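Below is entry_2.txt, holding compact mmCIF, C-alpha atoms (C1' of nucleotides).
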# COMPACT_ATOMS: atom_id res chain seq x y z
CA MET A 58 0.00 0.00 0.00
CA SER A 59 1.13 3.59 -0.26
CA ARG A 60 0.52 7.26 -0.71
CA ARG A 61 -1.28 9.67 1.53
CA ILE A 62 -4.12 12.10 1.35
CA ALA A 63 -3.60 15.70 0.43
CA SER A 64 -4.50 16.40 3.99
CA SER A 65 -6.89 19.01 5.23
CA LYS A 66 -10.28 18.44 6.57
CA ALA A 67 -12.28 19.60 3.56
CA THR A 68 -14.41 21.68 5.83
CA VAL A 69 -11.58 24.13 6.33
CA VAL A 70 -10.31 24.29 2.78
CA SER A 71 -12.13 27.47 2.01
CA GLN A 72 -10.70 29.13 5.06
CA ALA A 73 -7.23 27.94 4.06
CA GLU A 74 -7.73 29.37 0.62
CA ARG A 75 -8.68 32.69 2.13
CA ASP A 76 -5.59 32.60 4.31
CA ILE A 77 -3.38 31.97 1.32
CA ARG A 78 -4.97 34.79 -0.55
CA ALA A 79 -4.44 37.15 2.32
CA ARG A 80 -0.76 36.34 2.45
CA LEU A 81 -0.13 36.62 -1.26
CA ASP A 82 -2.26 39.58 -2.10
CA ASP A 83 0.54 41.87 -3.11
CA HIS A 84 1.95 39.47 -5.65
CA GLU A 85 0.05 39.44 -8.91
CA LEU A 86 -1.35 35.97 -8.94
CA ASP A 87 -4.23 34.12 -10.54
CA PHE A 88 -6.11 32.91 -7.50
CA THR A 89 -8.92 31.36 -9.44
CA ALA A 90 -6.58 29.11 -11.37
CA MET A 91 -4.66 28.37 -8.22
CA SER A 92 -7.77 27.28 -6.41
CA ALA A 93 -9.02 25.10 -9.26
CA ILE A 94 -5.70 23.38 -9.83
CA SER A 95 -4.85 22.77 -6.22
CA ASN A 96 -8.27 21.27 -5.67
CA ILE A 97 -7.73 18.96 -8.63
CA TYR A 98 -4.58 17.66 -7.10
CA ARG A 99 -6.02 17.39 -3.62
CA ALA A 100 -9.12 15.60 -4.79
CA GLY A 101 -7.07 13.21 -6.91
CA SER A 102 -4.85 12.29 -4.00
CA ALA A 103 -7.81 11.93 -1.69
CA VAL A 104 -9.54 9.58 -4.11
CA ARG A 105 -6.49 7.40 -4.54
CA ASN A 106 -5.88 7.37 -0.84
CA HIS A 107 -9.45 6.51 -0.07
CA MET A 108 -9.53 3.61 -2.50
CA GLU A 109 -6.25 2.23 -1.24
CA ARG A 110 -7.29 2.30 2.37
CA SER A 111 -10.96 1.56 2.23
CA LEU A 112 -10.95 -1.07 -0.46
CA LEU A 113 -7.73 -2.14 -2.13
CA ALA A 114 -5.93 -2.87 1.13
CA ASP A 115 -8.50 -5.60 1.79
CA TYR A 116 -7.33 -7.35 -1.35
CA ASP A 117 -3.68 -6.52 -0.82
CA LEU A 118 -3.54 -4.54 -4.04
CA SER A 119 -1.72 -1.29 -4.62
CA TRP A 120 -3.39 1.39 -6.69
CA VAL A 121 -1.11 0.68 -9.61
CA ALA A 122 -1.58 -3.07 -9.38
CA PHE A 123 -5.33 -2.55 -9.42
CA THR A 124 -5.03 -0.23 -12.40
CA VAL A 125 -3.02 -2.80 -14.34
CA LEU A 126 -5.54 -5.53 -13.66
CA TRP A 127 -8.30 -3.18 -14.72
CA VAL A 128 -6.58 -2.29 -17.96
CA LEU A 129 -6.11 -5.94 -18.80
CA TRP A 130 -9.71 -6.67 -17.90
CA ILE A 131 -11.09 -3.96 -20.14
CA TRP A 132 -8.78 -4.29 -23.09
CA GLY A 133 -7.62 -7.89 -22.83
CA GLU A 134 -4.10 -9.05 -23.50
CA GLN A 135 -1.79 -6.17 -24.26
CA GLU A 136 1.85 -5.54 -24.92
CA THR A 137 3.67 -4.20 -21.88
CA GLY A 138 4.43 -0.81 -23.38
CA HIS A 139 0.78 -0.23 -24.05
CA VAL A 140 -0.27 -1.37 -20.60
CA ALA A 141 2.23 0.99 -19.00
CA SER A 142 0.93 3.87 -21.04
CA GLU A 143 -2.70 3.10 -20.21
CA ALA A 144 -1.95 2.61 -16.53
CA GLY A 145 -0.07 5.90 -16.41
CA ILE A 146 3.29 4.50 -15.36
CA THR A 147 6.62 4.01 -17.05
CA LYS A 148 7.72 0.72 -18.55
CA GLY A 149 10.31 0.35 -15.80
CA THR A 150 7.71 0.63 -13.07
CA LEU A 151 5.48 -1.84 -14.85
CA THR A 152 8.26 -4.42 -14.83
CA GLY A 153 8.24 -4.35 -11.04
CA VAL A 154 4.47 -4.44 -10.76
CA MET A 155 4.35 -7.36 -13.18
CA LYS A 156 6.75 -9.24 -10.98
CA THR A 157 4.42 -8.85 -8.02
CA LEU A 158 1.28 -9.72 -9.93
CA GLN A 159 2.88 -12.68 -11.60
CA ALA A 160 4.08 -14.03 -8.26
CA ARG A 161 0.45 -13.95 -7.15
CA LYS A 162 -0.57 -15.67 -10.38
CA LEU A 163 -2.93 -12.88 -11.33
CA ILE A 164 -1.35 -12.19 -14.71
CA LYS A 165 0.59 -14.27 -17.22
CA ARG A 166 3.19 -13.42 -19.83
CA ILE A 167 2.57 -14.17 -23.45
CA PRO A 168 5.62 -14.02 -25.70
CA HIS A 169 5.16 -12.41 -29.07
CA ARG A 170 4.90 -14.93 -31.86
CA ASP A 171 7.77 -13.65 -33.97
CA ASP A 172 9.31 -10.59 -32.28
CA ARG A 173 11.18 -11.75 -29.26
CA ARG A 174 11.65 -8.25 -27.90
CA ARG A 175 7.94 -7.98 -27.23
CA VAL A 176 5.91 -9.45 -24.42
CA SER A 177 2.19 -9.27 -23.88
CA ILE A 178 0.48 -9.82 -20.58
CA GLY A 179 -3.01 -10.98 -19.75
CA LEU A 180 -5.13 -11.94 -16.77
CA THR A 181 -5.12 -15.47 -15.45
CA LYS A 182 -8.40 -16.97 -14.36
CA ALA A 183 -7.58 -15.97 -10.79
CA GLY A 184 -6.89 -12.45 -12.08
CA VAL A 185 -10.27 -12.29 -13.78
CA ARG A 186 -12.01 -13.56 -10.67
CA LEU A 187 -10.29 -10.95 -8.54
CA ILE A 188 -10.99 -7.91 -10.70
CA GLU A 189 -14.60 -9.03 -11.21
CA GLN A 190 -14.99 -9.05 -7.48
CA VAL A 191 -13.12 -5.83 -6.76
CA PHE A 192 -14.29 -3.53 -9.50
CA PRO A 193 -17.98 -3.39 -8.61
CA GLU A 194 -16.96 -2.43 -5.10
CA PHE A 195 -14.59 0.16 -6.49
CA ASN A 196 -17.42 1.62 -8.50
CA THR A 197 -19.59 1.76 -5.40
CA HIS A 198 -16.96 3.91 -3.74
CA GLU A 199 -16.86 6.11 -6.83
CA THR A 200 -20.59 6.59 -6.59
CA LEU A 201 -20.25 7.52 -2.94
CA ALA A 202 -17.48 9.99 -3.72
CA VAL A 203 -19.67 12.00 -6.08
CA SER A 204 -22.86 11.57 -4.10
CA GLY A 205 -22.79 15.22 -3.10
CA LEU A 206 -23.21 16.24 -6.73
CA THR A 207 -26.25 16.11 -8.95
CA MET A 208 -26.07 14.02 -12.10
CA ALA A 209 -25.66 17.17 -14.15
CA GLU A 210 -22.84 18.34 -11.91
CA GLN A 211 -21.07 15.01 -12.24
CA HIS A 212 -21.15 15.32 -16.00
CA GLU A 213 -20.01 18.91 -15.81
CA LEU A 214 -17.13 17.97 -13.52
CA ALA A 215 -15.95 15.29 -15.92
CA ARG A 216 -16.23 17.70 -18.83
CA LEU A 217 -14.23 20.44 -17.15
CA LEU A 218 -11.55 18.00 -16.09
CA ARG A 219 -11.23 16.70 -19.63
CA LEU A 220 -10.58 20.25 -20.76
CA VAL A 221 -7.84 20.70 -18.17
CA LEU A 222 -6.37 17.32 -19.00
CA LYS A 223 -6.28 18.19 -22.67
CA GLN A 224 -4.56 21.48 -22.04
CA VAL A 225 -2.02 20.07 -19.61
CA SER A 226 -1.05 17.03 -21.58
CA SER A 227 -0.63 19.01 -24.75
CA ALA A 228 1.74 21.33 -22.87
CA THR A 229 3.75 18.56 -21.20
CA PRO A 230 6.75 17.15 -23.03
CA GLU A 231 6.26 13.43 -23.62
CA GLU A 232 9.30 11.74 -22.21
CA ASP A 233 8.80 8.08 -22.52
CA VAL A 234 6.23 5.96 -24.33
CA MET B 106 12.01 13.94 -9.81
CA SER B 107 9.23 11.38 -9.94
CA ARG B 108 5.76 10.28 -10.86
CA ARG B 109 4.19 10.02 -14.26
CA ILE B 110 1.18 11.22 -16.13
CA ALA B 111 -2.06 9.31 -16.15
CA SER B 112 -1.29 8.64 -19.76
CA SER B 113 -3.61 9.04 -22.66
CA LYS B 114 -3.68 11.75 -25.18
CA ALA B 115 -6.65 13.67 -23.83
CA THR B 116 -8.05 13.84 -27.33
CA VAL B 117 -8.93 10.16 -27.16
CA VAL B 118 -10.26 10.07 -23.63
CA SER B 119 -13.84 10.27 -24.68
CA GLN B 120 -13.36 7.44 -27.12
CA ALA B 121 -11.67 5.41 -24.40
CA GLU B 122 -14.58 6.05 -22.09
CA ARG B 123 -16.97 4.81 -24.74
CA ASP B 124 -14.88 1.68 -25.18
CA ILE B 125 -14.95 0.97 -21.48
CA ARG B 126 -18.66 1.42 -21.37
CA ALA B 127 -19.17 -0.95 -24.25
CA ARG B 128 -17.18 -3.65 -22.51
CA LEU B 129 -18.87 -3.31 -19.14
CA ASP B 130 -22.41 -2.77 -20.22
CA ASP B 131 -23.83 -5.93 -18.74
CA HIS B 132 -22.52 -5.19 -15.28
CA GLU B 133 -24.60 -2.72 -13.35
CA LEU B 134 -22.21 0.14 -12.97
CA ASP B 135 -22.38 3.86 -12.37
CA PHE B 136 -20.64 5.19 -15.44
CA THR B 137 -21.20 8.80 -14.60
CA ALA B 138 -19.41 8.48 -11.28
CA MET B 139 -16.71 6.39 -12.90
CA SER B 140 -16.06 9.01 -15.52
CA ALA B 141 -15.97 11.87 -13.03
CA ILE B 142 -13.68 10.12 -10.58
CA SER B 143 -11.26 8.71 -13.11
CA ASN B 144 -10.93 12.13 -14.67
CA ILE B 145 -10.15 13.63 -11.28
CA TYR B 146 -7.32 11.22 -10.80
CA ARG B 147 -6.03 11.56 -14.32
CA ALA B 148 -6.11 15.33 -14.21
CA GLY B 149 -4.40 15.38 -10.84
CA SER B 150 -1.58 13.18 -12.05
CA ALA B 151 -1.25 15.16 -15.25
CA VAL B 152 -0.97 18.41 -13.33
CA ARG B 153 1.67 17.08 -10.99
CA ASN B 154 3.56 15.53 -13.86
CA HIS B 155 3.41 18.70 -15.88
CA MET B 156 4.70 20.84 -13.06
CA GLU B 157 7.51 18.44 -12.28
CA ARG B 158 8.72 18.23 -15.82
CA SER B 159 8.04 21.67 -17.16
CA LEU B 160 9.01 23.71 -14.15
CA LEU B 161 10.24 22.03 -10.98
CA ALA B 162 12.90 19.96 -12.73
CA ASP B 163 14.60 23.21 -13.72
CA TYR B 164 15.04 24.00 -10.04
CA ASP B 165 15.80 20.41 -9.06
CA LEU B 166 12.77 20.29 -6.80
CA SER B 167 10.41 17.37 -6.37
CA TRP B 168 6.71 18.03 -6.11
CA VAL B 169 6.77 17.32 -2.41
CA ALA B 170 9.82 19.45 -1.78
CA PHE B 171 8.11 22.31 -3.59
CA THR B 172 4.96 21.79 -1.56
CA VAL B 173 6.88 21.93 1.70
CA LEU B 174 8.60 25.16 0.70
CA TRP B 175 5.28 26.58 -0.30
CA VAL B 176 3.64 25.66 3.01
CA LEU B 177 6.46 27.30 4.91
CA TRP B 178 6.27 30.36 2.72
CA ILE B 179 2.54 30.81 3.23
CA TRP B 180 2.26 29.92 6.87
CA GLY B 181 5.73 30.67 8.17
CA GLU B 182 7.59 28.53 10.64
CA GLN B 183 5.62 25.46 11.58
CA GLU B 184 6.00 22.34 13.64
CA THR B 185 6.87 19.33 11.54
CA GLY B 186 3.65 17.48 12.24
CA HIS B 187 1.63 20.39 10.97
CA VAL B 188 3.78 20.82 7.88
CA ALA B 189 3.40 17.12 7.04
CA SER B 190 -0.34 17.37 7.38
CA GLU B 191 -0.54 20.46 5.20
CA ALA B 192 1.75 19.00 2.58
CA GLY B 193 -0.26 15.80 2.47
CA ILE B 194 2.49 13.43 3.54
CA THR B 195 3.27 11.50 6.70
CA LYS B 196 5.70 12.74 9.31
CA GLY B 197 8.07 9.96 8.36
CA THR B 198 8.19 11.07 4.76
CA LEU B 199 8.69 14.65 5.83
CA THR B 200 11.77 13.68 7.80
CA GLY B 201 13.39 12.47 4.59
CA VAL B 202 12.33 15.48 2.58
CA MET B 203 13.63 17.77 5.32
CA LYS B 204 16.97 16.07 5.07
CA THR B 205 17.17 16.89 1.38
CA LEU B 206 16.00 20.47 1.80
CA GLN B 207 18.26 21.08 4.73
CA ALA B 208 21.26 19.73 2.82
CA ARG B 209 20.50 22.39 0.21
CA LYS B 210 20.15 24.99 2.95
CA LEU B 211 16.62 25.88 1.93
CA ILE B 212 15.07 25.21 5.32
CA LYS B 213 16.30 25.38 8.89
CA ARG B 214 15.28 23.59 12.06
CA ILE B 215 14.07 25.54 15.04
CA PRO B 216 13.96 23.62 18.31
CA HIS B 217 10.94 24.18 20.52
CA ARG B 218 11.68 26.46 23.43
CA ASP B 219 10.65 24.09 26.19
CA ASP B 220 9.48 20.81 24.69
CA ARG B 221 12.45 19.06 23.27
CA ARG B 222 10.37 16.49 21.39
CA ARG B 223 9.10 19.16 19.07
CA VAL B 224 10.83 20.74 16.12
CA SER B 225 9.69 23.56 13.91
CA ILE B 226 11.06 24.29 10.48
CA GLY B 227 11.26 27.47 8.51
CA LEU B 228 12.68 28.82 5.28
CA THR B 229 16.21 30.12 5.13
CA LYS B 230 16.87 33.26 3.11
CA ALA B 231 17.89 31.04 0.21
CA GLY B 232 14.62 29.17 0.64
CA VAL B 233 12.61 32.37 0.51
CA ARG B 234 14.50 33.52 -2.58
CA LEU B 235 13.84 30.22 -4.31
CA ILE B 236 10.11 29.97 -3.60
CA GLU B 237 9.62 33.63 -4.51
CA GLN B 238 11.18 32.89 -7.84
CA VAL B 239 9.43 29.58 -8.49
CA PHE B 240 5.91 30.22 -7.31
CA PRO B 241 4.95 32.95 -9.76
CA GLU B 242 6.08 30.64 -12.55
CA PHE B 243 4.09 27.83 -11.01
CA ASN B 244 1.04 30.03 -10.98
CA THR B 245 1.56 30.89 -14.62
CA HIS B 246 1.40 27.21 -15.44
CA GLU B 247 -1.76 26.92 -13.38
CA THR B 248 -3.31 29.70 -15.38
CA LEU B 249 -2.34 27.96 -18.58
CA ALA B 250 -3.81 24.68 -17.34
CA VAL B 251 -7.26 26.17 -16.87
CA SER B 252 -7.08 28.48 -19.87
CA GLY B 253 -9.65 26.36 -21.69
CA LEU B 254 -12.27 27.24 -19.07
CA THR B 255 -14.16 30.44 -18.50
CA MET B 256 -13.77 32.19 -15.18
CA ALA B 257 -17.16 30.88 -14.10
CA GLU B 258 -16.18 27.36 -15.08
CA GLN B 259 -12.97 27.60 -13.09
CA HIS B 260 -14.94 28.56 -10.01
CA GLU B 261 -17.44 25.82 -10.65
CA LEU B 262 -14.67 23.25 -11.05
CA ALA B 263 -13.14 24.25 -7.74
CA ARG B 264 -16.52 24.12 -6.06
CA LEU B 265 -17.39 20.66 -7.36
CA LEU B 266 -13.99 19.34 -6.37
CA ARG B 267 -14.38 20.67 -2.87
CA LEU B 268 -17.62 18.73 -2.60
CA VAL B 269 -15.91 15.53 -3.71
CA LEU B 270 -13.00 16.17 -1.40
CA LYS B 271 -15.34 16.70 1.51
CA GLN B 272 -17.20 13.48 0.83
CA VAL B 273 -14.09 11.39 0.28
CA SER B 274 -12.16 12.61 3.24
CA SER B 275 -15.06 12.17 5.59
CA ALA B 276 -15.33 8.57 4.39
CA THR B 277 -11.62 7.79 4.65
CA PRO B 278 -10.26 6.51 7.96
CA GLU B 279 -7.61 8.90 9.27
CA GLU B 280 -4.53 6.82 9.90
CA ASP B 281 -1.77 9.10 10.96
CA VAL B 282 -1.63 12.78 11.84
C1' DG C 52 8.34 11.41 43.35
C1' DG C 53 8.42 7.36 40.70
C1' DA C 54 6.31 4.27 37.62
C1' DT C 55 3.10 4.43 33.74
C1' DA C 56 0.99 6.31 29.85
C1' DC C 57 1.16 9.43 26.33
C1' DT C 58 3.13 12.33 22.46
C1' DC C 59 6.39 13.81 19.55
C1' DA C 60 10.02 13.09 15.53
C1' DT C 61 12.84 9.72 13.63
C1' DT C 62 14.27 5.24 11.90
C1' DT C 63 13.27 0.98 9.54
C1' DG C 64 11.82 -2.05 5.91
C1' DA C 65 9.32 -2.82 1.95
C1' DG C 66 7.25 -1.12 -2.02
C1' DT C 67 6.44 2.47 -5.71
C1' DA C 68 8.19 5.58 -9.12
C1' DC C 69 11.04 7.99 -12.40
C1' DA C 70 14.88 8.77 -15.81
C1' DA C 71 18.58 6.94 -17.86
C1' DA C 72 21.51 3.20 -19.17
C1' DC C 73 21.55 -1.39 -20.92
C1' DG C 74 21.15 -5.63 -23.67
C1' DA C 75 18.74 -8.30 -26.87
C1' DT C 76 16.23 -8.04 -31.24
C1' DT C 77 14.60 -6.38 -35.32
C1' DT C 78 14.59 -3.16 -39.10
C1' DC C 79 16.67 -0.12 -42.14
C1' DT C 80 20.22 1.15 -45.58
C1' DG C 81 23.77 1.14 -48.67
C1' DC D 193 23.89 -9.17 -46.59
C1' DA D 194 26.56 -6.54 -43.15
C1' DG D 195 26.76 -2.60 -40.25
C1' DA D 196 23.96 1.18 -38.23
C1' DA D 197 19.81 2.74 -36.24
C1' DA D 198 15.66 1.97 -33.94
C1' DT D 199 12.68 -0.51 -30.68
C1' DC D 200 11.55 -3.38 -27.22
C1' DG D 201 11.63 -4.88 -21.94
C1' DT D 202 14.67 -4.87 -18.11
C1' DT D 203 18.04 -3.13 -14.83
C1' DT D 204 20.11 0.52 -12.12
C1' DG D 205 20.36 4.41 -9.09
C1' DT D 206 17.99 7.77 -6.61
C1' DA D 207 14.07 9.69 -4.40
C1' DC D 208 9.62 9.30 -2.37
C1' DT D 209 6.18 6.94 0.48
C1' DC D 210 3.82 4.50 3.93
C1' DA D 211 2.99 1.78 8.24
C1' DA D 212 5.01 0.25 12.12
C1' DA D 213 8.64 0.20 15.45
C1' DT D 214 11.73 3.03 18.12
C1' DG D 215 13.51 6.35 21.13
C1' DA D 216 13.52 10.68 23.45
C1' DG D 217 10.85 13.60 26.22
C1' DT D 218 6.60 15.07 28.84
C1' DA D 219 2.47 14.42 31.55
C1' DT D 220 -0.39 11.83 34.66
C1' DC D 221 -1.68 9.40 38.65
C1' DC D 222 -1.36 7.21 42.84
Could you show the structure in this file as structure tokens?
Amino acid sequence: MSRRIASSKATVVSQAERDIRARLDDHELDFTAMSAISNIYRAGSAVRNHMERSLLADYDLSWVAFTVLWVLWIWGEQETGHVASEAGITKGTLTGVMKTLQARKLIKRIPHRDDRRRVSIGLTKAGVRLIEQVFPEFNTHETLAVSGLTMAEQHELARLLRLVLKQVSSATPEEDV
Amino acid sequence: MSRRIASSKATVVSQAERDIRARLDDHELDFTAMSAISNIYRAGSAVRNHMERSLLADYDLSWVAFTVLWVLWIWGEQETGHVASEAGITKGTLTGVMKTLQARKLIKRIPHRDDRRRVSIGLTKAGVRLIEQVFPEFNTHETLAVSGLTMAEQHELARLLRLVLKQVSSATPEEDV
DNA sequence: GGATACTCATTTGAGTACAAACGATTTCTG
DNA sequence: CAGAAATCGTTTGTACTCAAATGAGTATCC
């Protein structure tokens, strides 16, 4: 398991934001952007943290391990490079995660038929059983997490985040992959 | 440096979401929540990744190191436990980060006047110089990140995220701190 | 006032994560 | 077809990260 919450009782976030503003008022800063972005990061960390502690720990899965299983469940057998990219990790990190998952017999390696550099991975039957048990619970937690929002707000939130994501990833130099 | 983007050219996210939906349609799942939550996490990772690569790497600062400097800048000298909480890391992690920052003479330790268990930390002059140089740039990137949204949308995004954050953190067992 | 319980930061041990270097293959090119 | 370039997954080195154990110091309670 790993990673911790971006702290802060949410009930005091607004006060904290006001405090920050008060201290930085003489610099020329974009407080609206600051507030939106920092809340994105905080909420993202809180979600990951919550899932790890409240759900994934019960199955002895890290966030990344869960993500890899999920990717393989949705898209089936995939080459490692593609899995890494989908899971949002580097190839090097995936190698380590694969080691763990393979030791637990949740995934299996499938050598490429005629290019021996390449390796695909896929779920074993045990892997399928596990993700089919875990994911519905995961989704229940997701539902709970957005339960304070109306349906329209949930859609709006996803839409706005996609816009940010688009902007950020187009501005970030692609290193690997 | 560390951590990587939650992958995916944002331009194909919507298509990916449709693919997922197609594959899971027979399970009874809350796709709206799933979409909102996964976009929160993806956007959060993308933001962190972007800042690390496009800005913080130039100053040889990790995300967490930057966050600690920022906390000390905003709130002044603080006890370590409080700094850890604000920065969203455990006290144990902070100890390591402090070691790095102290080696670079960006922060200094301040022993508590009459309780020798406690330690406060604060910025050195070099630390203040650094954060005062970096943060305005950081904020510029934040502005860029939300440049696809209207002002009203930026406020709405922050508001919706605060609601999610509130829900999630009230549902997550507090371990440390 | 002396043992006991508590409260801090730190250390420990294992796992995650990245970039960069590496080695094994395959593909390209002359 | 042989050497160079490109493309894979893996390894390496460093940093971050957590939970749990530890150790130093303080407070409580009889």
**OP:** Identify the residues around (10.4, -2.3, -20.9) within a radius of 6 Å, measuring from all atoms listed in the file in the coordinates stated by the file, and give them as a VMD selection string.
**Re:** (chain A and resid 148 to 149) or (chain D and resid 201 to 202)
**OP:** Output as a PyMOL selection string the set of chain B residues within 12 Å of chain C, with distances taken over only C-alpha atoms (C1' of nucleotides).
**Re:** chain B and resi 106-110+154+157-158+162+167+184-187+189+195-201+203-204+216-217+220-225+282
Original post:
Mind pulling up the distance from CA of Lys210 in chain B to CA of Lys230 in chain B?
Top reply: 8.9 Å
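Between CA of Ala122 in chain A and CA of Leu268 in chain B there is a distance of 27.9 Å.
Interatomic distance, CA of Pro241 in chain B to CA of Glu182 in chain B: 21.0 Å.
Ranking B:Glu247, B:Glu258, B:Asp219, B:Glu122 by their shortest atom-to-atom distance to chain D, with only C-alpha atoms (C1' of nucleotides) included, puts B:Asp219 first.
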**OP:** Compute the set of chain D residues within 9 Å of chain A, using all atoms listed in the file, and express it as a PyMOL selection string.
**Re:** chain D and resi 199-203+209-211
**OP:** Would you please work out which residue, of A:Ile146, A:Leu126, A:Arg186, A:Asp115, is nearest to chain B when using only C-alpha atoms?
**Re:** A:Ile146
Subject >> Check: which chain B residues lie within 6 Å of chain A using only C-alpha atoms, as a list in words >> reply: Arg109, Ile110, Ala111, Ser112, Ala115, Ala138, Ala141, Ile145, Tyr146, Ala148, Gly149, His155, Ser190, Glu191, Gly193, Ile194, Glu247, Thr248, Ala250, Val251, Ala263, Val269, Leu270, Lys271, Gln272, Val273 and Thr277 of chain B
Once 8 Å is added on each side, what are the centre and the three edge lengths, in Å to one decimal, of the axis-aligned box enclosing the listed atoms of range 123-138 of chain B? Present them as lines of an AutoDock Vina configuration file.
center_x = -19.7
center_y = 1.4
center_z = -18.2
size_x = 25.7
size_y = 30.7
size_z = 29.9
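Proximity to DC208 in chain D was assessed for B:Val202, B:Ala121, B:Val188, B:Leu160 counting all atoms listed in the file; the smallest distance is recorded for B:Val202.
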